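Participant: Structure: input-v4.cif, mmCIF, C-alpha atoms.
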```cif
data_query
loop_
_atom_site.label_atom_id
_atom_site.label_comp_id
_atom_site.auth_asym_id
_atom_site.auth_seq_id
_atom_site.Cartn_x
_atom_site.Cartn_y
_atom_site.Cartn_z
CA MET A 1 -30.41 -67.77 62.84
CA SER A 2 -31.21 -66.98 59.19
CA ALA A 3 -34.92 -66.94 59.98
CA ALA A 4 -34.30 -64.38 62.70
CA ILE A 5 -32.36 -62.23 60.30
CA GLN A 6 -35.16 -62.45 57.75
CA LEU A 7 -37.69 -61.38 60.37
CA GLU A 8 -35.58 -58.44 61.55
CA ALA A 9 -34.74 -57.10 58.06
CA PRO A 10 -38.19 -55.59 57.34
CA LYS A 11 -38.10 -53.76 60.69
CA MET A 12 -34.72 -52.25 59.86
CA ALA A 13 -35.92 -51.24 56.40
CA GLU A 14 -39.11 -49.80 57.84
CA GLY A 15 -37.24 -47.73 60.38
CA THR A 16 -34.93 -46.24 57.77
CA ARG A 17 -36.38 -43.03 56.31
CA MET A 18 -34.96 -41.24 53.33
CA PRO A 19 -34.38 -37.47 53.75
CA ILE A 20 -36.83 -35.13 52.06
CA SER A 21 -35.52 -33.80 48.74
CA TRP A 22 -37.04 -30.50 47.63
CA LYS A 23 -34.84 -30.03 44.57
CA MET A 24 -37.31 -31.13 41.90
CA SER A 25 -40.27 -29.51 43.65
CA ILE A 26 -38.43 -26.18 43.66
CA ILE A 27 -37.62 -26.53 39.96
CA TYR A 28 -41.25 -27.35 39.19
CA GLY A 29 -42.34 -24.38 41.30
CA LEU A 30 -40.15 -22.08 39.23
CA ALA A 31 -41.71 -23.57 36.09
CA THR A 32 -45.14 -22.73 37.53
CA LEU A 33 -44.13 -19.11 38.12
CA LEU A 34 -42.70 -18.85 34.61
CA SER A 35 -45.87 -20.25 33.10
CA LEU A 36 -47.90 -17.83 35.22
CA TYR A 37 -45.93 -14.96 33.68
CA PHE A 38 -46.76 -16.30 30.22
CA ALA A 39 -50.45 -16.52 31.15
CA LEU A 40 -50.61 -12.96 32.44
CA ASN A 41 -49.07 -11.60 29.24
CA SER A 42 -50.73 -13.80 26.60
CA ASP A 43 -53.19 -12.38 24.10
CA GLY A 44 -54.69 -13.07 20.68
CA VAL A 45 -54.95 -16.34 18.80
CA ALA A 46 -52.12 -18.82 18.28
CA GLU A 47 -52.17 -20.90 15.10
CA PHE A 48 -50.44 -24.29 15.30
CA VAL A 49 -49.45 -26.20 12.16
CA TRP A 50 -48.63 -29.78 13.07
CA LYS A 51 -48.86 -31.87 9.87
CA GLU A 52 -46.28 -30.37 7.54
CA ILE A 53 -43.04 -28.42 7.71
CA ARG A 54 -44.26 -25.87 5.14
CA PRO A 55 -47.24 -24.06 6.69
CA SER A 56 -50.49 -23.28 4.91
CA ARG A 57 -54.03 -22.44 5.92
CA ASP A 58 -55.85 -25.55 4.74
CA GLY A 59 -58.42 -25.83 7.53
CA SER A 60 -56.47 -28.45 9.52
CA ASN A 61 -54.50 -25.94 11.61
CA LEU A 62 -55.19 -25.72 15.32
CA LEU A 63 -56.40 -22.29 16.46
CA LEU A 64 -56.18 -21.57 20.18
CA TYR A 65 -56.97 -18.52 22.28
CA ALA A 66 -53.57 -17.78 23.75
CA ASP A 67 -54.65 -16.55 27.19
CA GLN A 68 -57.09 -19.40 27.85
CA THR A 69 -54.66 -22.03 26.61
CA VAL A 70 -51.75 -20.78 28.68
CA TRP A 71 -53.91 -20.48 31.80
CA ALA A 72 -55.03 -24.10 31.34
CA LEU A 73 -51.41 -25.24 30.89
CA THR A 74 -50.39 -23.24 33.96
CA ALA A 75 -53.05 -25.07 35.96
CA VAL A 76 -51.65 -28.40 34.75
CA ILE A 77 -48.12 -27.39 35.78
CA ALA A 78 -49.35 -26.15 39.18
CA ILE A 79 -51.22 -29.41 39.87
CA ALA A 80 -48.17 -31.44 38.85
CA THR A 81 -46.00 -29.29 41.12
CA ALA A 82 -48.36 -29.84 44.03
CA TYR A 83 -48.18 -33.58 43.42
CA SER A 84 -44.39 -33.32 43.40
CA VAL A 85 -44.49 -31.59 46.80
CA TYR A 86 -46.82 -34.33 48.08
CA ARG A 87 -44.37 -37.03 46.99
CA ALA A 88 -41.44 -35.12 48.49
CA VAL A 89 -43.18 -34.84 51.86
CA ARG A 90 -43.84 -38.59 51.77
CA ARG A 91 -40.17 -39.16 50.84
CA GLN A 92 -41.13 -40.83 47.57
CA LYS A 93 -39.08 -40.79 44.39
CA GLN A 94 -40.05 -38.16 41.81
CA PRO A 95 -41.25 -40.02 38.68
CA LEU A 96 -39.83 -39.20 35.27
CA TRP A 97 -43.27 -38.85 33.69
CA LEU A 98 -44.10 -35.98 36.04
CA GLY A 99 -41.14 -33.97 34.81
CA LEU A 100 -42.00 -34.72 31.19
CA ILE A 101 -45.58 -33.50 31.67
CA ILE A 102 -44.36 -30.23 33.21
CA LEU A 103 -41.69 -29.76 30.53
CA MET A 104 -44.11 -30.33 27.63
CA ALA A 105 -46.78 -28.08 29.16
CA LEU A 106 -44.23 -25.32 29.75
CA VAL A 107 -42.91 -25.54 26.18
CA VAL A 108 -46.41 -25.37 24.68
CA ALA A 109 -47.28 -22.48 26.98
CA PHE A 110 -44.14 -20.63 25.89
CA LEU A 111 -44.84 -21.18 22.18
CA THR A 112 -48.45 -20.10 22.61
CA PHE A 113 -47.34 -17.01 24.52
CA GLN A 114 -44.87 -16.09 21.75
CA GLY A 115 -47.18 -16.86 18.83
CA GLY A 116 -50.43 -15.45 20.23
CA GLY A 117 -51.63 -12.49 18.19
CA SER A 118 -48.56 -12.50 15.93
CA GLY A 119 -50.41 -13.78 12.87
CA ARG A 120 -47.57 -16.23 12.29
CA PHE A 121 -47.60 -19.99 12.12
CA ILE A 122 -46.29 -22.10 14.99
CA THR A 123 -45.04 -24.99 12.87
CA ILE A 124 -44.57 -27.91 15.24
CA ALA A 125 -43.29 -30.29 12.55
CA PHE A 126 -40.63 -27.77 11.53
CA LEU A 127 -39.56 -27.32 15.17
CA PHE A 128 -39.17 -31.05 15.72
CA SER A 129 -37.40 -31.52 12.39
CA ALA A 130 -34.98 -28.77 13.39
CA THR A 131 -34.53 -30.56 16.71
CA ILE A 132 -33.48 -33.76 14.92
CA THR A 133 -31.02 -31.78 12.80
CA ALA A 134 -29.55 -29.94 15.78
CA ALA A 135 -29.32 -33.12 17.84
CA GLN A 136 -27.50 -35.19 15.19
CA PRO A 137 -23.93 -34.18 16.12
CA LEU A 138 -24.86 -34.40 19.80
CA ILE A 139 -26.19 -37.95 19.47
CA PHE A 140 -23.21 -39.09 17.41
CA GLY A 141 -20.88 -37.41 19.90
CA SER A 142 -22.61 -38.95 22.90
CA MET A 143 -22.48 -42.39 21.28
CA ALA A 144 -18.75 -41.86 20.74
CA GLY A 145 -18.45 -41.01 24.42
CA VAL A 146 -20.42 -44.10 25.42
CA ILE A 147 -18.17 -46.43 23.41
CA CYS A 148 -14.94 -44.85 24.65
CA GLU A 149 -15.89 -44.50 28.31
CA ARG A 150 -17.40 -47.98 28.50
CA VAL A 151 -13.86 -49.28 27.90
CA GLY A 152 -12.39 -46.81 30.40
CA VAL A 153 -11.17 -44.01 28.09
CA VAL A 154 -12.47 -40.49 28.72
CA ASN A 155 -13.03 -38.92 25.30
CA ILE A 156 -12.84 -35.17 25.94
CA ALA A 157 -11.70 -34.86 22.31
CA ILE A 158 -15.25 -35.22 20.92
CA GLU A 159 -15.26 -31.48 20.22
CA GLY A 160 -12.16 -31.79 18.06
CA GLN A 161 -13.47 -34.90 16.32
CA LEU A 162 -16.66 -33.07 15.38
CA LEU A 163 -14.58 -30.20 14.00
CA VAL A 164 -12.29 -32.31 11.81
CA GLY A 165 -15.27 -34.36 10.63
CA ALA A 166 -17.13 -31.22 9.57
CA PHE A 167 -14.05 -29.75 7.86
CA THR A 168 -12.91 -32.92 6.11
CA GLY A 169 -16.42 -33.80 4.98
CA VAL A 170 -17.11 -30.53 3.18
CA VAL A 171 -13.58 -30.12 1.77
CA VAL A 172 -13.43 -33.64 0.33
CA ALA A 173 -17.00 -33.40 -1.01
CA SER A 174 -16.29 -30.06 -2.66
CA ALA A 175 -12.84 -30.96 -3.98
CA THR A 176 -14.02 -34.21 -5.53
CA GLN A 177 -17.50 -32.88 -6.36
CA ASN A 178 -18.88 -35.99 -4.67
CA PRO A 179 -20.73 -35.75 -1.32
CA TRP A 180 -20.47 -39.50 -0.76
CA LEU A 181 -16.67 -39.30 -0.63
CA GLY A 182 -17.05 -36.50 1.90
CA LEU A 183 -19.34 -38.75 3.93
CA LEU A 184 -16.63 -41.44 3.96
CA ALA A 185 -13.83 -39.01 4.75
CA ALA A 186 -15.50 -37.47 7.82
CA PRO A 187 -15.45 -40.60 10.05
CA LEU A 188 -11.91 -41.39 8.87
CA ALA A 189 -10.79 -37.95 10.07
CA GLY A 190 -12.49 -38.52 13.40
CA ALA A 191 -10.86 -41.94 13.67
CA LEU A 192 -7.45 -40.37 13.07
CA VAL A 193 -7.97 -38.09 16.08
CA GLY A 194 -9.07 -41.20 17.98
CA VAL A 195 -5.78 -42.91 17.06
CA LEU A 196 -3.86 -40.01 18.63
CA LEU A 197 -6.05 -40.15 21.73
CA ALA A 198 -5.61 -43.90 22.10
CA PHE A 199 -1.89 -43.77 21.29
CA PHE A 200 -1.06 -41.36 24.11
CA SER A 201 -3.67 -42.35 26.71
CA VAL A 202 -3.69 -46.15 26.26
CA LYS A 203 -0.21 -46.97 25.02
CA TYR A 204 1.73 -44.38 27.03
CA ALA A 205 -0.74 -43.90 29.93
CA VAL A 206 -0.90 -40.10 29.59
CA ASP A 207 -3.81 -38.54 31.49
CA GLN A 208 -6.79 -38.94 29.18
CA ILE A 209 -8.41 -35.60 30.02
CA ILE A 210 -5.20 -33.69 29.32
CA VAL A 211 -4.74 -35.50 26.00
CA GLY A 212 -8.34 -34.77 25.04
CA VAL A 213 -8.04 -31.06 25.79
CA VAL A 214 -4.79 -30.83 23.83
CA LEU A 215 -6.39 -32.59 20.86
CA ASN A 216 -9.34 -30.17 20.94
CA VAL A 217 -6.95 -27.22 20.78
CA LEU A 218 -4.98 -28.93 18.01
CA CYS A 219 -8.09 -29.61 15.91
CA LEU A 220 -9.39 -26.07 16.35
CA GLY A 221 -6.05 -24.55 15.42
CA LEU A 222 -5.51 -26.89 12.47
CA THR A 223 -8.95 -26.39 10.93
CA SER A 224 -8.74 -22.61 11.45
CA PHE A 225 -5.30 -22.52 9.82
CA LEU A 226 -6.37 -24.58 6.82
CA LEU A 227 -9.57 -22.54 6.46
CA GLY A 228 -7.57 -19.31 6.36
CA THR A 229 -4.90 -20.60 3.96
CA VAL A 230 -5.67 -23.55 1.70
CA VAL A 231 -9.45 -23.14 1.60
CA ARG A 232 -9.25 -19.36 1.26
CA ASP A 233 -7.01 -19.76 -1.78
CA THR A 234 -9.36 -22.39 -3.21
CA PRO A 235 -12.90 -21.23 -2.24
CA GLY A 236 -14.46 -23.98 -4.32
CA TRP A 237 -13.34 -26.46 -1.65
CA ASN A 238 -15.88 -25.09 0.82
CA SER A 239 -19.14 -25.18 -1.10
CA ILE A 240 -22.75 -26.07 -0.33
CA GLN A 241 -23.21 -27.25 -3.90
CA PHE A 242 -22.09 -30.78 -3.08
CA SER A 243 -24.06 -31.37 0.11
CA LEU A 244 -25.97 -34.58 0.75
CA PRO A 245 -29.46 -34.81 -0.76
CA VAL A 246 -32.60 -35.20 1.33
CA TRP A 247 -34.20 -38.61 0.92
CA SER A 248 -37.88 -39.25 1.55
CA VAL A 249 -38.68 -42.79 2.68
CA PRO A 250 -41.61 -44.12 0.63
CA VAL A 251 -44.91 -44.47 2.53
CA LEU A 252 -43.36 -43.45 5.88
CA SER A 253 -42.62 -39.91 4.69
CA ASP A 254 -46.33 -39.42 3.87
CA ILE A 255 -47.45 -39.92 7.49
CA PRO A 256 -48.61 -36.58 8.93
CA PHE A 257 -46.08 -35.03 11.32
CA ILE A 258 -44.00 -38.23 11.71
CA GLY A 259 -43.06 -38.36 8.03
CA PRO A 260 -41.70 -34.80 7.65
CA VAL A 261 -39.89 -34.99 10.99
CA PHE A 262 -38.23 -38.41 10.85
CA PHE A 263 -38.32 -39.66 7.27
CA GLN A 264 -37.48 -36.66 5.11
CA GLN A 265 -33.82 -36.39 6.05
CA THR A 266 -30.32 -36.94 4.68
CA ILE A 267 -28.60 -40.30 4.87
CA ILE A 268 -26.72 -39.13 7.98
CA THR A 269 -29.99 -39.19 9.92
CA TYR A 270 -30.80 -42.71 8.73
CA LEU A 271 -27.27 -43.83 9.63
CA LEU A 272 -27.93 -42.32 13.05
CA TYR A 273 -31.04 -44.47 13.51
CA ALA A 274 -29.13 -47.60 12.49
CA ALA A 275 -26.07 -46.82 14.64
CA LEU A 276 -28.22 -46.11 17.69
CA ILE A 277 -30.13 -49.39 17.41
CA ALA A 278 -27.00 -51.42 16.63
CA LEU A 279 -24.99 -49.93 19.49
CA THR A 280 -27.77 -50.48 22.02
CA ILE A 281 -28.15 -54.14 21.04
CA MET A 282 -24.45 -54.87 20.70
CA LEU A 283 -23.47 -53.15 23.94
CA PHE A 284 -25.78 -55.26 26.10
CA ARG A 285 -26.46 -58.37 23.99
CA SER A 286 -23.15 -59.37 22.45
CA ARG A 287 -19.73 -60.71 23.40
CA TRP A 288 -18.17 -57.48 22.12
CA GLY A 289 -20.33 -55.39 24.45
CA LEU A 290 -19.65 -57.68 27.41
CA ARG A 291 -15.91 -57.38 26.88
CA MET A 292 -16.18 -53.61 26.56
CA ARG A 293 -18.05 -53.28 29.83
CA ALA A 294 -15.70 -55.71 31.59
CA VAL A 295 -12.65 -53.70 30.50
CA GLY A 296 -14.26 -50.47 31.68
CA GLU A 297 -15.37 -51.82 35.04
CA HIS A 298 -12.60 -54.22 36.10
CA PRO A 299 -9.72 -54.46 33.60
CA LYS A 300 -7.62 -56.75 35.77
CA ALA A 301 -10.44 -59.31 36.00
CA ALA A 302 -10.97 -59.00 32.23
CA ASP A 303 -7.27 -59.63 31.66
CA THR A 304 -7.33 -62.80 33.77
CA VAL A 305 -9.97 -64.35 31.47
CA GLY A 306 -7.96 -63.62 28.34
CA ILE A 307 -9.34 -60.24 27.20
CA LYS A 308 -6.61 -57.99 25.80
CA VAL A 309 -7.46 -54.85 27.75
CA ASN A 310 -5.33 -52.23 26.01
CA ARG A 311 -6.11 -53.53 22.53
CA THR A 312 -9.84 -53.44 23.35
CA ARG A 313 -9.47 -49.88 24.60
CA PHE A 314 -7.44 -48.79 21.57
CA LEU A 315 -9.79 -50.21 18.95
CA ASN A 316 -12.98 -49.01 20.60
CA THR A 317 -11.56 -45.52 21.11
CA VAL A 318 -10.90 -45.33 17.38
CA LEU A 319 -14.38 -46.71 16.62
CA GLY A 320 -16.09 -44.19 18.89
CA SER A 321 -14.05 -41.34 17.45
CA SER A 322 -15.11 -42.27 13.93
CA LEU A 323 -18.75 -41.88 14.99
CA ALA A 324 -17.97 -38.39 16.28
CA GLY A 325 -16.32 -37.57 12.95
CA LEU A 326 -19.45 -38.73 11.13
CA GLY A 327 -21.50 -36.51 13.42
CA GLY A 328 -19.29 -33.59 12.45
CA ALA A 329 -20.31 -34.04 8.80
CA SER A 330 -23.88 -33.15 9.80
CA PHE A 331 -22.68 -29.58 10.44
CA THR A 332 -21.67 -29.11 6.80
CA ILE A 333 -22.61 -31.56 4.06
CA GLY A 334 -25.54 -32.81 6.14
CA ALA A 335 -26.99 -29.33 6.67
CA THR A 336 -26.09 -27.65 3.34
CA THR A 337 -23.71 -25.30 5.12
CA VAL A 338 -20.13 -24.19 4.49
CA PHE A 339 -17.47 -24.71 7.13
CA THR A 340 -16.79 -21.76 9.41
CA GLU A 341 -14.22 -21.41 12.16
CA ASN A 342 -15.21 -23.33 15.31
CA ILE A 343 -18.45 -24.48 13.69
CA SER A 344 -18.97 -27.09 16.44
CA ALA A 345 -19.28 -24.25 19.01
CA GLY A 346 -18.98 -26.45 22.09
CA ASN A 347 -21.29 -29.23 20.89
CA GLY A 348 -18.67 -31.82 21.81
CA TYR A 349 -18.85 -30.81 25.44
CA ILE A 350 -22.65 -30.77 25.33
CA ALA A 351 -22.48 -34.30 23.89
CA LEU A 352 -20.40 -35.33 26.91
CA ALA A 353 -23.07 -33.85 29.19
CA ALA A 354 -25.74 -35.80 27.29
CA MET A 355 -23.75 -39.00 27.75
CA ILE A 356 -23.46 -38.42 31.50
CA LEU A 357 -27.14 -37.55 31.86
CA GLY A 358 -27.96 -40.68 29.87
CA LYS A 359 -25.94 -42.75 32.36
CA TRP A 360 -23.59 -44.10 29.68
CA HIS A 361 -26.49 -45.76 27.85
CA PRO A 362 -27.10 -45.03 24.14
CA ILE A 363 -30.86 -44.51 24.55
CA GLY A 364 -30.46 -42.31 27.62
CA ALA A 365 -27.77 -40.27 25.88
CA MET A 366 -30.05 -39.86 22.86
CA GLY A 367 -32.85 -38.55 25.07
CA ALA A 368 -30.57 -35.99 26.70
CA ALA A 369 -29.13 -35.00 23.31
CA LEU A 370 -32.64 -34.44 21.94
CA MET A 371 -33.37 -32.15 24.89
CA PHE A 372 -30.27 -30.09 24.12
CA GLY A 373 -31.08 -30.22 20.41
CA PHE A 374 -34.55 -28.86 21.13
CA ALA A 375 -33.00 -25.97 23.05
CA SER A 376 -30.81 -25.21 20.02
CA ALA A 377 -33.75 -25.47 17.62
CA ILE A 378 -35.72 -22.98 19.71
CA VAL A 379 -32.98 -20.42 19.06
CA ASP A 380 -33.71 -20.50 15.32
CA PHE A 381 -37.45 -21.01 15.69
CA LEU A 382 -38.42 -18.19 18.04
CA PRO A 383 -37.67 -15.29 15.65
CA LEU A 384 -40.13 -16.88 13.20
CA VAL A 385 -43.07 -16.70 15.64
CA ALA A 386 -42.27 -14.00 18.21
CA THR A 387 -44.25 -10.77 18.06
CA THR A 388 -41.34 -8.69 19.39
CA PRO A 389 -37.65 -8.97 18.49
CA ILE A 390 -35.54 -11.04 20.87
CA ASP A 391 -31.89 -10.28 21.57
CA PRO A 392 -29.93 -12.88 19.53
CA ASN A 393 -27.21 -12.99 22.20
CA LEU A 394 -29.85 -13.98 24.75
CA LEU A 395 -31.15 -16.68 22.42
CA ALA A 396 -27.65 -18.04 21.83
CA MET A 397 -27.30 -18.64 25.56
CA ILE A 398 -30.27 -21.02 25.74
CA PRO A 399 -28.55 -24.36 24.87
CA TYR A 400 -25.68 -23.70 27.26
CA VAL A 401 -27.94 -22.57 30.11
CA VAL A 402 -30.03 -25.74 29.64
CA THR A 403 -26.85 -27.82 29.73
CA ILE A 404 -25.64 -26.20 32.96
CA LEU A 405 -29.01 -26.61 34.65
CA ALA A 406 -29.33 -30.23 33.54
CA VAL A 407 -25.83 -31.22 34.64
CA ALA A 408 -26.15 -29.36 37.96
CA GLY A 409 -29.50 -30.97 38.68
CA PHE A 410 -29.00 -34.57 37.60
CA VAL A 411 -25.31 -35.44 37.17
CA GLY A 412 -25.03 -36.62 40.79
CA LYS A 413 -27.28 -39.57 39.99
CA SER A 414 -24.90 -40.99 37.37
CA ARG A 415 -22.07 -43.43 38.07
CA PRO A 416 -19.28 -43.69 35.49
CA PRO A 417 -17.47 -46.94 34.64
CA ALA A 418 -15.19 -47.80 37.55
CA ALA A 419 -11.93 -47.91 35.56
CA GLU A 420 -12.55 -44.66 33.69
CA ASN A 421 -9.36 -42.57 33.23
CA ILE A 422 -7.27 -45.27 34.93
CA PRO A 423 -4.52 -46.62 32.63
CA TYR A 424 -4.01 -50.36 32.69
CA ILE A 425 -0.40 -51.44 33.00
CA LYS A 426 -0.04 -55.20 33.02
CA ALA A 427 2.25 -56.45 35.74
#
```
Have the structure of the file written as structure tokens, please.

Facilitator:
Amino acid sequence: MSAAIQLEAPKMAEGTRMPISWKMSIIYGLATLLSLYFALNSDGVAEFVWKEIRPSRDGSNLLLYADQTVWALTAVIAIATAYSVYRAVRRQKQPLWLGLIILMALVVAFLTFQGGGSGRFITIAFLFSATITAAQPLIFGSMAGVICERVGVVNIAIEGQLLVGAFTGVVVASATQNPWLGLLAAPLAGALVGVLLAFFSVKYAVDQIIVGVVLNVLCLGLTSFLLGTVVRDTPGWNSIQFSLPVWSVPVLSDIPFIGPVFFQQTIITYLLYAALIALTIMLFRSRWGLRMRAVGEHPKAADTVGIKVNRTRFLNTVLGSSLAGLGGASFTIGATTVFTENISAGNGYIALAAMILGKWHPIGAMGAALMFGFASAIVDFLPLVATTPIDPNLLAMIPYVVTILAVAGFVGKSRPPAAENIPYIKA
């Protein structure tokens, strides 16, 4: 009987055909049309500086004829799109590398189109360094979301945790004239918001999304109130003078391109590297990570083997929130910037989108956060290379448009932890 089943299984699998999905092919086709527009309107010479953040004409810069380069990149995108259509017709899965090729070609085509004939440098190292800076709060926020949601707690309050981390970090650093105390205070402030989230959602089983939204409003109102009262009366408490210094890692910082981008940063960036590696290993290779995932997937089964479900949820919610608070410090003392009202500007929600796109995995969330960070970095980078002024309101829309498109296109492929937003009440 089993042999018969084994013989019939391939026939059943062979007869089952997946429906044709044109979604990615249509997106790639739109990218082809956009690149074609760039090609038709490109002119002059584009000068790329890739080694250093500070540009100079030392003979190592890459000079490209804008029209020829963009036409070549358009051809690459068109060929990749045609291959995508071929795979769609054959009902084959669209590979990730195909999308990356099209995305990179489109970005280079866009930069070449903007910088051609402008006489300005297209500083690739500066753009990627700005991407790392812009992505820092997103990566910290997405890691906070991963930790909280892996134990079944939806952390909508990441936005508020980023805000209080940014505010507390700069105020404590300025008041004590010590940036290191500000660096310690920021995650503590985020953890305090996490305590409130865990207290209401875990202990009293209040809907986690409602609690998170309320905490975001609370944090925004509280920081705005303190900024307009206490900090306004004591302006020295909101100063860039006591921001974190930039540290260059010996040897590594001297590597062309890689050094200026990754190893000439503040300590927050290096803490980000360490936290990302540690969380990835611990989440999937430790008893702590196994218990987290068990609580988030099947809390009743976890309880039967002796895991204290609500305590695990409470502690990990506080831990994740402290990471978001640390990410908030990168807005102020990590970026040599004073605190302004609503400085996080929706980055907490973008971090949630990055976590979902990354399928609740730290590395996947980091990749999505870097994509959103790149979109934010473009906003500041384009005015430096564009030949014609660009409406700043249009530029400000870019990160949010990218977020909407990414979530609309890919969120359906992600599955959250099964017990997410379900309170556990022991019988």

Participant: I'd like the neighbourhood of A:Ile350 as an MDAnalysis selection string, where a residue qualifies if any of its atoms comes within 12 Å (using all atoms listed in the file), though same-chain residues fewer than 2 positions away should be ignored.

Facilitator: chainID A and resid 134:135 137:142 145 156 158:159 162 344:348 352:357 365:366 368:373 375:376 399:404 406:407

Participant: On this file, the PyMOL selection byres ((chain A and resi 105) around 9) gives some set of residues; write that set as a PDB file with C-alpha atoms, in the frame of the given file.

Facilitator:
```
ATOM      1  CA  SER A  35     -45.870 -20.250  33.100  1.00  0.00           C
ATOM      2  CA  VAL A  70     -51.750 -20.780  28.680  1.00  0.00           C
ATOM      3  CA  LEU A  73     -51.410 -25.240  30.890  1.00  0.00           C
ATOM      4  CA  THR A  74     -50.390 -23.240  33.960  1.00  0.00           C
ATOM      5  CA  VAL A  76     -51.650 -28.400  34.750  1.00  0.00           C
ATOM      6  CA  ILE A  77     -48.120 -27.390  35.780  1.00  0.00           C
ATOM      7  CA  LEU A 100     -42.000 -34.720  31.190  1.00  0.00           C
ATOM      8  CA  ILE A 101     -45.580 -33.500  31.670  1.00  0.00           C
ATOM      9  CA  ILE A 102     -44.360 -30.230  33.210  1.00  0.00           C
ATOM     10  CA  LEU A 103     -41.690 -29.760  30.530  1.00  0.00           C
ATOM     11  CA  MET A 104     -44.110 -30.330  27.630  1.00  0.00           C
ATOM     12  CA  LEU A 106     -44.230 -25.320  29.750  1.00  0.00           C
ATOM     13  CA  VAL A 107     -42.910 -25.540  26.180  1.00  0.00           C
ATOM     14  CA  VAL A 108     -46.410 -25.370  24.680  1.00  0.00           C
ATOM     15  CA  ALA A 109     -47.280 -22.480  26.980  1.00  0.00           C
ATOM     16  CA  PHE A 110     -44.140 -20.630  25.890  1.00  0.00           C
TER      17      PHE A 110
END
```

Participant: Could you check which of A:Ala351, A:Leu276, A:Val202, A:Met24 is closest to A:Gln161, using all atoms listed in the file?

Facilitator: A:Ala351

Participant: Do you know which residues the PyMOL selection byres ((chain A and resi 336) around 9) returns on this file, as a ChimeraX atom specification?

Facilitator: /A:239-245,330-335,337-338

Participant: So what does the PyMOL selection byres ((chain A and resi 267) around 8) actually pick up in this one, as a short mmCIF file (atom, residue, chain, number, x, y, z; two decimals) with C-alpha atoms, in the frame of the given file?

Facilitator:
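Result file follows (expr-v5.cif):
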```cif
data_model
loop_
_atom_site.label_atom_id
_atom_site.label_comp_id
_atom_site.auth_asym_id
_atom_site.auth_seq_id
_atom_site.Cartn_x
_atom_site.Cartn_y
_atom_site.Cartn_z
CA LEU A 244 -25.97 -34.58 0.75
CA PRO A 245 -29.46 -34.81 -0.76
CA VAL A 246 -32.60 -35.20 1.33
CA TRP A 247 -34.20 -38.61 0.92
CA GLN A 265 -33.82 -36.39 6.05
CA THR A 266 -30.32 -36.94 4.68
CA ILE A 268 -26.72 -39.13 7.98
CA THR A 269 -29.99 -39.19 9.92
CA TYR A 270 -30.80 -42.71 8.73
CA LEU A 271 -27.27 -43.83 9.63
#
```

Participant: Give as a list in words each residue that has an atom at most 8 Å from (-15.6, -40.4, 14.2) in the file, counting all atoms listed in the file.

Facilitator: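 Every polymer residue passing the test: Ala144, Gln161, Leu162, Gly165, Ala186, Pro187, Leu188, Ala189, Gly190, Ala191, Gly194, Val318, Leu319, Gly320, Ser321, Ser322, Leu323, Ala324, Gly325, Leu326, Gly327 and Gly328 of chain A.
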
Participant: Could you dump the residues just selected with C-alpha atoms as a PDB file, keeping the file's coordinate frame?

Facilitator:
```pdb
ATOM      1  CA  ALA A 144     -18.750 -41.860  20.740  1.00  0.00           C
ATOM      2  CA  GLN A 161     -13.470 -34.900  16.320  1.00  0.00           C
ATOM      3  CA  LEU A 162     -16.660 -33.070  15.380  1.00  0.00           C
ATOM      4  CA  GLY A 165     -15.270 -34.360  10.630  1.00  0.00           C
ATOM      5  CA  ALA A 186     -15.500 -37.470   7.820  1.00  0.00           C
ATOM      6  CA  PRO A 187     -15.450 -40.600  10.050  1.00  0.00           C
ATOM      7  CA  LEU A 188     -11.910 -41.390   8.870  1.00  0.00           C
ATOM      8  CA  ALA A 189     -10.790 -37.950  10.070  1.00  0.00           C
ATOM      9  CA  GLY A 190     -12.490 -38.520  13.400  1.00  0.00           C
ATOM     10  CA  ALA A 191     -10.860 -41.940  13.670  1.00  0.00           C
ATOM     11  CA  GLY A 194      -9.070 -41.200  17.980  1.00  0.00           C
ATOM     12  CA  VAL A 318     -10.900 -45.330  17.380  1.00  0.00           C
ATOM     13  CA  LEU A 319     -14.380 -46.710  16.620  1.00  0.00           C
ATOM     14  CA  GLY A 320     -16.090 -44.190  18.890  1.00  0.00           C
ATOM     15  CA  SER A 321     -14.050 -41.340  17.450  1.00  0.00           C
ATOM     16  CA  SER A 322     -15.110 -42.270  13.930  1.00  0.00           C
ATOM     17  CA  LEU A 323     -18.750 -41.880  14.990  1.00  0.00           C
ATOM     18  CA  ALA A 324     -17.970 -38.390  16.280  1.00  0.00           C
ATOM     19  CA  GLY A 325     -16.320 -37.570  12.950  1.00  0.00           C
ATOM     20  CA  LEU A 326     -19.450 -38.730  11.130  1.00  0.00           C
ATOM     21  CA  GLY A 327     -21.500 -36.510  13.420  1.00  0.00           C
ATOM     22  CA  GLY A 328     -19.290 -33.590  12.450  1.00  0.00           C
TER      23      GLY A 328
END
```

Participant: Looking at all atoms listed in the file, which of A:Tyr273, A:Tyr83, A:Tyr424, A:Trp71 is the one that sits closest to A:Tyr28?

Facilitator: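 Ranking A:Tyr273, A:Tyr83, A:Tyr424, A:Trp71 by distance to A:Tyr28, first place goes to A:Tyr83.
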
Participant: For a test of reading the model, state the distance in Å between atom CA of A:Glu52 and atom CA of A:Leu64, rounded to one decimal.

Facilitator: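 About the pair atom CA of A:Glu52 and atom CA of A:Leu64: they are 18.3 Å apart.
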
Participant: I'd like the contact shell of stretch 116-122 of chain A - 8 Å cut-off, all atoms listed in the file, skipping same-chain residues fewer than 3 positions apart - returned as a ChimeraX atom specification.

Facilitator: /A:42-49,55,65-66,111-113,384-387
